[in-house]
Amino acid sequence: MGDMTASTPPRVLTVAGSDSGGGAGIQADLKTMMAMGVHGMSVIAAVTAQNSLGVQGYWELPPEAVRAQLDSVLGDIGAQAVKTGMLASPALVEVVADALGGYGAPVVVDPVGVSKHGDPLLAPEAVETIRTRLLPVATVATPNLWEVEQLTSVKVEDEDDLRRAADAVLELGPRWALIKGGHLPGAPVDLLTDGTSEHRFTGERHDNRHTHGTGCTLASAIASRLALGDEVPAAVRAAKEYVTGAIARGFPLGAGIGPVDHAWRLR
């Protein structure tokens with residue numbers, strides 16, 4: 001190496017499912033982390049067979065395999081932030097919550113409950129474990145409107161309901177709630193609050209159906225910015241900018257919904 005000192009970038013861990021099509025899940029998380037300038041690491045909780053048309057198969061890893069991956073990464077390498085994605089069974093949620101609860105790094109919880117194709121991804125008993133075990137260890141929770149309803153029974157019908165939804169999510173224990181209002185009519189608005197300060201992020205709506213992986217990508221980008229030292233509102237702002245650009249340049253893939261472009265800043 002000579003006299004050059006290589007500096008290690010911040011490390012960010014994703015705990016999620018694998019997406020064989022490469023647009024969402026672990027694959028989206030790692031691409032996002034690379035684009036944000038951090039070192040991505042992964043704990044694979046499930047393997048999906050999926051493509052642009054939907055999810056054709058789903059196989060969960062045994063809890064001990066997930067626990068072993070967590071211990072390997074956190075025990076030796078460590079993480080400056082963690083992102084959790086699809087955890088579809090109570091046993092896996094418990095293992096992940098146990099490992100992260102005492103760890104101390106910020107945790108971004110994307111409470112994945114519904115896929116882009118409208119497929120429900122969670123058993124009802126897993127929803128309950130996410131509410132009672134995982135959300136209390138979250139620094140930021142990033143539900144979309146369907147997930148808000150799944151977790152809190154609050155139905156968001158217009159922008160005025162966003163704060164009520166956020167307060168209901170905060171009652172479950174995360175330090176911050178980011179309520180993604182993109183499925184409301186009109187200009188998309190996301191609301192971020194810790195119960196005291198409130199931040200609204202408006203975006204332009206892109207006429208682009210190639211949006212597979214947006215939720216995974218946003219949560220991973222937030223975790224990356226937290227690892228780089230941002231406070232939560234700044235991390236969300238930077239993550240939103242990255243995701244907006246990625247959506248604008250989403251591309252067709254297969255016969256269905258294509259992915260966002262994680263590499264848009266490099267192209």
# chains A, B, ... in the order shown; residues from 1 in each chain; ligands from 1
$ residues_around --residues "range 162-177 of chain A" --least-positions-apart "3" --cutoff "6 Å" --atoms "only C-alpha atoms" --output "ChimeraX atom specification"
/A:135-136,138-141,154,159,192-194
$ residues_around --residues "Ala234 in chain A" --least-positions-apart "6" --cutoff "10 Å" --atoms "only C-alpha atoms" --output "CSV table (one decimal) with N, CA and C atoms, in the first residue's frame"
chain,number,residue,atom,x,y,z
A,222,ILE,N,-31.7,6.8,3.7
A,222,ILE,CA,-31.7,7.5,5.0
A,222,ILE,C,-30.7,6.9,6.0
A,225,ARG,N,-27.2,8.1,5.1
A,225,ARG,CA,-26.9,9.5,5.5
A,225,ARG,C,-26.8,9.6,7.0
A,226,LEU,N,-27.5,8.8,7.8
A,226,LEU,CA,-27.4,8.7,9.2
A,226,LEU,C,-26.0,8.2,9.6
A,240,LYS,N,-34.4,11.7,0.1
A,240,LYS,CA,-35.5,12.1,-0.8
A,240,LYS,C,-35.0,12.6,-2.2
$ select_by_dssp --residues "range 104-234 of chain A" --states "helix (DSSP H, G or I)" --output "PDB file with C-alpha atoms, in the first residue's frame"
ATOM      1  CA  PRO A 124     -51.177 -10.866  10.642  1.00  0.00           C
ATOM      2  CA  GLU A 125     -49.177 -12.163  13.617  1.00  0.00           C
ATOM      3  CA  ALA A 126     -46.002 -10.667  12.100  1.00  0.00           C
ATOM      4  CA  VAL A 127     -47.677  -7.236  11.960  1.00  0.00           C
ATOM      5  CA  GLU A 128     -48.257  -7.467  15.706  1.00  0.00           C
ATOM      6  CA  THR A 129     -44.611  -8.382  16.395  1.00  0.00           C
ATOM      7  CA  ILE A 130     -43.414  -5.468  14.256  1.00  0.00           C
ATOM      8  CA  ARG A 131     -45.662  -3.145  16.262  1.00  0.00           C
ATOM      9  CA  THR A 132     -44.590  -4.394  19.672  1.00  0.00           C
ATOM     10  CA  ARG A 133     -40.946  -5.409  19.138  1.00  0.00           C
ATOM     11  CA  LEU A 134     -39.381  -3.759  16.083  1.00  0.00           C
ATOM     12  CA  LEU A 135     -40.891  -0.258  16.000  1.00  0.00           C
ATOM     13  CA  PRO A 136     -39.754   0.466  19.589  1.00  0.00           C
ATOM     14  CA  VAL A 137     -36.094   0.049  18.511  1.00  0.00           C
ATOM     15  CA  LEU A 145     -50.163   4.790   3.723  1.00  0.00           C
ATOM     16  CA  TRP A 146     -51.211   1.136   3.446  1.00  0.00           C
ATOM     17  CA  GLU A 147     -48.646   0.193   6.068  1.00  0.00           C
ATOM     18  CA  VAL A 148     -49.832   3.000   8.362  1.00  0.00           C
ATOM     19  CA  GLU A 149     -53.313   1.519   8.171  1.00  0.00           C
ATOM     20  CA  GLN A 150     -51.991  -2.008   8.733  1.00  0.00           C
ATOM     21  CA  LEU A 151     -50.042  -0.874  11.827  1.00  0.00           C
ATOM     22  CA  THR A 152     -52.374   1.696  13.394  1.00  0.00           C
ATOM     23  CA  GLU A 159     -52.825  15.626   3.531  1.00  0.00           C
ATOM     24  CA  ASP A 160     -54.588  16.740   6.715  1.00  0.00           C
ATOM     25  CA  ASP A 161     -54.546  13.150   7.994  1.00  0.00           C
ATOM     26  CA  LEU A 162     -50.758  12.793   7.769  1.00  0.00           C
ATOM     27  CA  ARG A 163     -50.003  14.209  11.229  1.00  0.00           C
ATOM     28  CA  ARG A 164     -52.654  12.025  12.866  1.00  0.00           C
ATOM     29  CA  ALA A 165     -51.095   9.026  11.134  1.00  0.00           C
ATOM     30  CA  ALA A 166     -47.592  10.040  12.249  1.00  0.00           C
ATOM     31  CA  ASP A 167     -48.698  10.459  15.870  1.00  0.00           C
ATOM     32  CA  ALA A 168     -50.316   7.006  15.801  1.00  0.00           C
ATOM     33  CA  VAL A 169     -47.076   5.490  14.473  1.00  0.00           C
ATOM     34  CA  LEU A 170     -44.983   7.359  17.077  1.00  0.00           C
ATOM     35  CA  THR A 214     -38.649   2.908  -3.953  1.00  0.00           C
ATOM     36  CA  GLY A 215     -39.403   2.040  -0.314  1.00  0.00           C
ATOM     37  CA  CYS A 216     -36.259  -0.073   0.120  1.00  0.00           C
ATOM     38  CA  THR A 217     -34.181   2.579  -1.603  1.00  0.00           C
ATOM     39  CA  LEU A 218     -35.483   5.470   0.511  1.00  0.00           C
ATOM     40  CA  ALA A 219     -34.944   3.657   3.811  1.00  0.00           C
ATOM     41  CA  SER A 220     -31.427   2.588   2.781  1.00  0.00           C
ATOM     42  CA  ALA A 221     -30.558   6.111   1.687  1.00  0.00           C
ATOM     43  CA  ILE A 222     -31.745   7.486   5.044  1.00  0.00           C
ATOM     44  CA  ALA A 223     -29.645   4.889   6.900  1.00  0.00           C
ATOM     45  CA  SER A 224     -26.632   5.771   4.732  1.00  0.00           C
ATOM     46  CA  ARG A 225     -26.933   9.480   5.516  1.00  0.00           C
ATOM     47  CA  LEU A 226     -27.350   8.749   9.239  1.00  0.00           C
ATOM     48  CA  ALA A 227     -24.153   6.674   9.094  1.00  0.00           C
ATOM     49  CA  VAL A 232     -32.617  12.742  10.919  1.00  0.00           C
ATOM     50  CA  PRO A 233     -34.287  15.656   9.017  1.00  0.00           C
ATOM     51  CA  ALA A 234     -31.152  16.264   6.926  1.00  0.00           C
TER      52      ALA A 234
END
$ residues_around --residues "Val43 in chain A" --least-positions-apart "4" --cutoff "12 Å" --atoms "only C-alpha atoms" --output "ChimeraX atom specification"
/A:12-18,25-27,29-30,47,61,63-74,82-87,92,95-96,99
$ write_last_selection --atoms "N, CA, C and O atoms" --output "short mmCIF file (atom, residue, chain, number, x, y, z; two decimals), in the first residue's frame"
data_model
loop_
_atom_site.label_atom_id
_atom_site.label_comp_id
_atom_site.auth_asym_id
_atom_site.auth_seq_id
_atom_site.Cartn_x
_atom_site.Cartn_y
_atom_site.Cartn_z
N VAL A 12 -23.02 0.31 6.73
CA VAL A 12 -24.47 0.25 6.91
C VAL A 12 -24.93 -1.17 6.63
O VAL A 12 -24.54 -1.78 5.63
N LEU A 13 -25.74 -1.69 7.52
CA LEU A 13 -26.24 -3.07 7.41
C LEU A 13 -27.71 -3.07 7.01
O LEU A 13 -28.52 -2.35 7.60
N THR A 14 -28.05 -3.87 6.01
CA THR A 14 -29.46 -4.10 5.69
C THR A 14 -29.86 -5.52 6.13
O THR A 14 -29.10 -6.47 5.93
N VAL A 15 -31.03 -5.59 6.76
CA VAL A 15 -31.60 -6.88 7.17
C VAL A 15 -32.92 -6.99 6.42
O VAL A 15 -33.88 -6.28 6.73
N ALA A 16 -32.97 -7.82 5.39
CA ALA A 16 -34.13 -7.80 4.50
C ALA A 16 -34.18 -9.07 3.67
O ALA A 16 -33.41 -10.01 3.90
N GLY A 17 -35.07 -9.06 2.68
CA GLY A 17 -35.20 -10.20 1.77
C GLY A 17 -34.46 -9.94 0.47
O GLY A 17 -34.26 -8.79 0.07
N SER A 18 -34.04 -11.01 -0.17
CA SER A 18 -33.37 -10.91 -1.46
C SER A 18 -34.42 -10.81 -2.57
O SER A 18 -35.41 -11.52 -2.56
N GLY A 25 -35.44 -4.87 -2.25
CA GLY A 25 -34.83 -5.73 -1.24
C GLY A 25 -33.34 -5.49 -1.07
O GLY A 25 -32.84 -4.39 -1.29
N ILE A 26 -32.64 -6.55 -0.65
CA ILE A 26 -31.20 -6.48 -0.38
C ILE A 26 -30.43 -5.87 -1.55
O ILE A 26 -29.50 -5.08 -1.37
N GLN A 27 -30.84 -6.23 -2.77
CA GLN A 27 -30.11 -5.75 -3.95
C GLN A 27 -30.24 -4.23 -4.09
O GLN A 27 -29.24 -3.54 -4.35
N ASP A 29 -30.90 -2.21 -1.65
CA ASP A 29 -30.24 -1.62 -0.49
C ASP A 29 -28.74 -1.46 -0.74
O ASP A 29 -28.16 -0.40 -0.50
N LEU A 30 -28.10 -2.52 -1.24
CA LEU A 30 -26.65 -2.47 -1.45
C LEU A 30 -26.28 -1.48 -2.56
O LEU A 30 -25.26 -0.77 -2.45
N VAL A 47 -35.48 -15.39 0.86
CA VAL A 47 -35.13 -15.39 -0.56
C VAL A 47 -36.45 -15.38 -1.33
O VAL A 47 -37.34 -16.17 -1.05
N LEU A 61 -35.44 -17.74 5.71
CA LEU A 61 -34.31 -18.43 6.35
C LEU A 61 -34.67 -18.76 7.80
O LEU A 61 -35.47 -18.07 8.41
N PRO A 63 -34.50 -18.78 11.77
CA PRO A 63 -34.07 -17.71 12.69
C PRO A 63 -32.60 -17.82 13.08
O PRO A 63 -31.92 -16.81 13.19
N GLU A 64 -32.09 -19.05 13.24
CA GLU A 64 -30.68 -19.17 13.67
C GLU A 64 -29.73 -18.71 12.56
O GLU A 64 -28.63 -18.23 12.85
N ALA A 65 -30.15 -18.82 11.30
CA ALA A 65 -29.31 -18.35 10.20
C ALA A 65 -29.27 -16.82 10.18
O ALA A 65 -28.25 -16.20 9.89
N VAL A 66 -30.41 -16.21 10.50
CA VAL A 66 -30.48 -14.75 10.55
C VAL A 66 -29.67 -14.24 11.74
O VAL A 66 -28.89 -13.29 11.63
N ARG A 67 -29.83 -14.90 12.88
CA ARG A 67 -29.08 -14.52 14.07
C ARG A 67 -27.57 -14.63 13.83
O ARG A 67 -26.79 -13.75 14.22
N ALA A 68 -27.16 -15.71 13.18
CA ALA A 68 -25.72 -15.93 12.92
C ALA A 68 -25.16 -14.83 12.01
O ALA A 68 -24.05 -14.34 12.23
N GLN A 69 -25.93 -14.44 11.00
CA GLN A 69 -25.47 -13.36 10.12
C GLN A 69 -25.33 -12.06 10.90
O GLN A 69 -24.35 -11.31 10.74
N LEU A 70 -26.32 -11.75 11.74
CA LEU A 70 -26.27 -10.54 12.57
C LEU A 70 -25.03 -10.55 13.46
O LEU A 70 -24.29 -9.57 13.54
N ASP A 71 -24.80 -11.69 14.12
CA ASP A 71 -23.66 -11.78 15.03
C ASP A 71 -22.34 -11.63 14.27
O ASP A 71 -21.41 -10.97 14.74
N SER A 72 -22.26 -12.24 13.08
CA SER A 72 -21.03 -12.16 12.28
C SER A 72 -20.70 -10.72 11.93
O SER A 72 -19.58 -10.26 12.13
N VAL A 73 -21.69 -10.01 11.41
CA VAL A 73 -21.43 -8.65 10.93
C VAL A 73 -21.21 -7.68 12.09
O VAL A 73 -20.23 -6.94 12.12
N LEU A 74 -22.14 -7.70 13.05
CA LEU A 74 -22.05 -6.72 14.14
C LEU A 74 -20.89 -7.03 15.08
O LEU A 74 -20.27 -6.13 15.62
N VAL A 82 -28.34 0.82 10.63
CA VAL A 82 -28.95 -0.43 10.20
C VAL A 82 -30.29 -0.10 9.57
O VAL A 82 -31.01 0.79 10.03
N LYS A 83 -30.63 -0.82 8.50
CA LYS A 83 -31.93 -0.69 7.86
C LYS A 83 -32.62 -2.05 7.87
O LYS A 83 -31.99 -3.05 7.55
N THR A 84 -33.88 -2.11 8.26
CA THR A 84 -34.60 -3.38 8.18
C THR A 84 -35.71 -3.27 7.14
O THR A 84 -36.37 -2.25 7.01
N GLY A 85 -35.89 -4.36 6.40
CA GLY A 85 -36.92 -4.42 5.37
C GLY A 85 -37.87 -5.57 5.64
O GLY A 85 -38.35 -5.73 6.75
N MET A 86 -38.11 -6.40 4.64
CA MET A 86 -39.12 -7.43 4.76
C MET A 86 -38.75 -8.49 5.78
O MET A 86 -37.82 -9.25 5.61
N LEU A 87 -39.52 -8.52 6.88
CA LEU A 87 -39.38 -9.55 7.91
C LEU A 87 -40.79 -10.07 8.13
O LEU A 87 -41.61 -9.43 8.77
N LEU A 92 -38.60 -14.13 13.04
CA LEU A 92 -37.53 -13.31 12.47
C LEU A 92 -37.54 -11.90 13.05
O LEU A 92 -36.48 -11.33 13.34
N VAL A 95 -35.87 -12.02 16.47
CA VAL A 95 -34.41 -12.17 16.40
C VAL A 95 -33.76 -10.83 16.05
O VAL A 95 -32.77 -10.41 16.67
N VAL A 96 -34.34 -10.14 15.08
CA VAL A 96 -33.76 -8.87 14.62
C VAL A 96 -33.91 -7.79 15.69
O VAL A 96 -32.97 -7.05 15.99
N ALA A 99 -31.39 -8.35 18.49
CA ALA A 99 -30.01 -8.01 18.13
C ALA A 99 -29.82 -6.50 18.05
O ALA A 99 -28.77 -5.98 18.44
#
$ atom_distance --atom1 "CA of Ala248 in chain A" --atom2 "CA of Leu228 in chain A"
24.9 Å
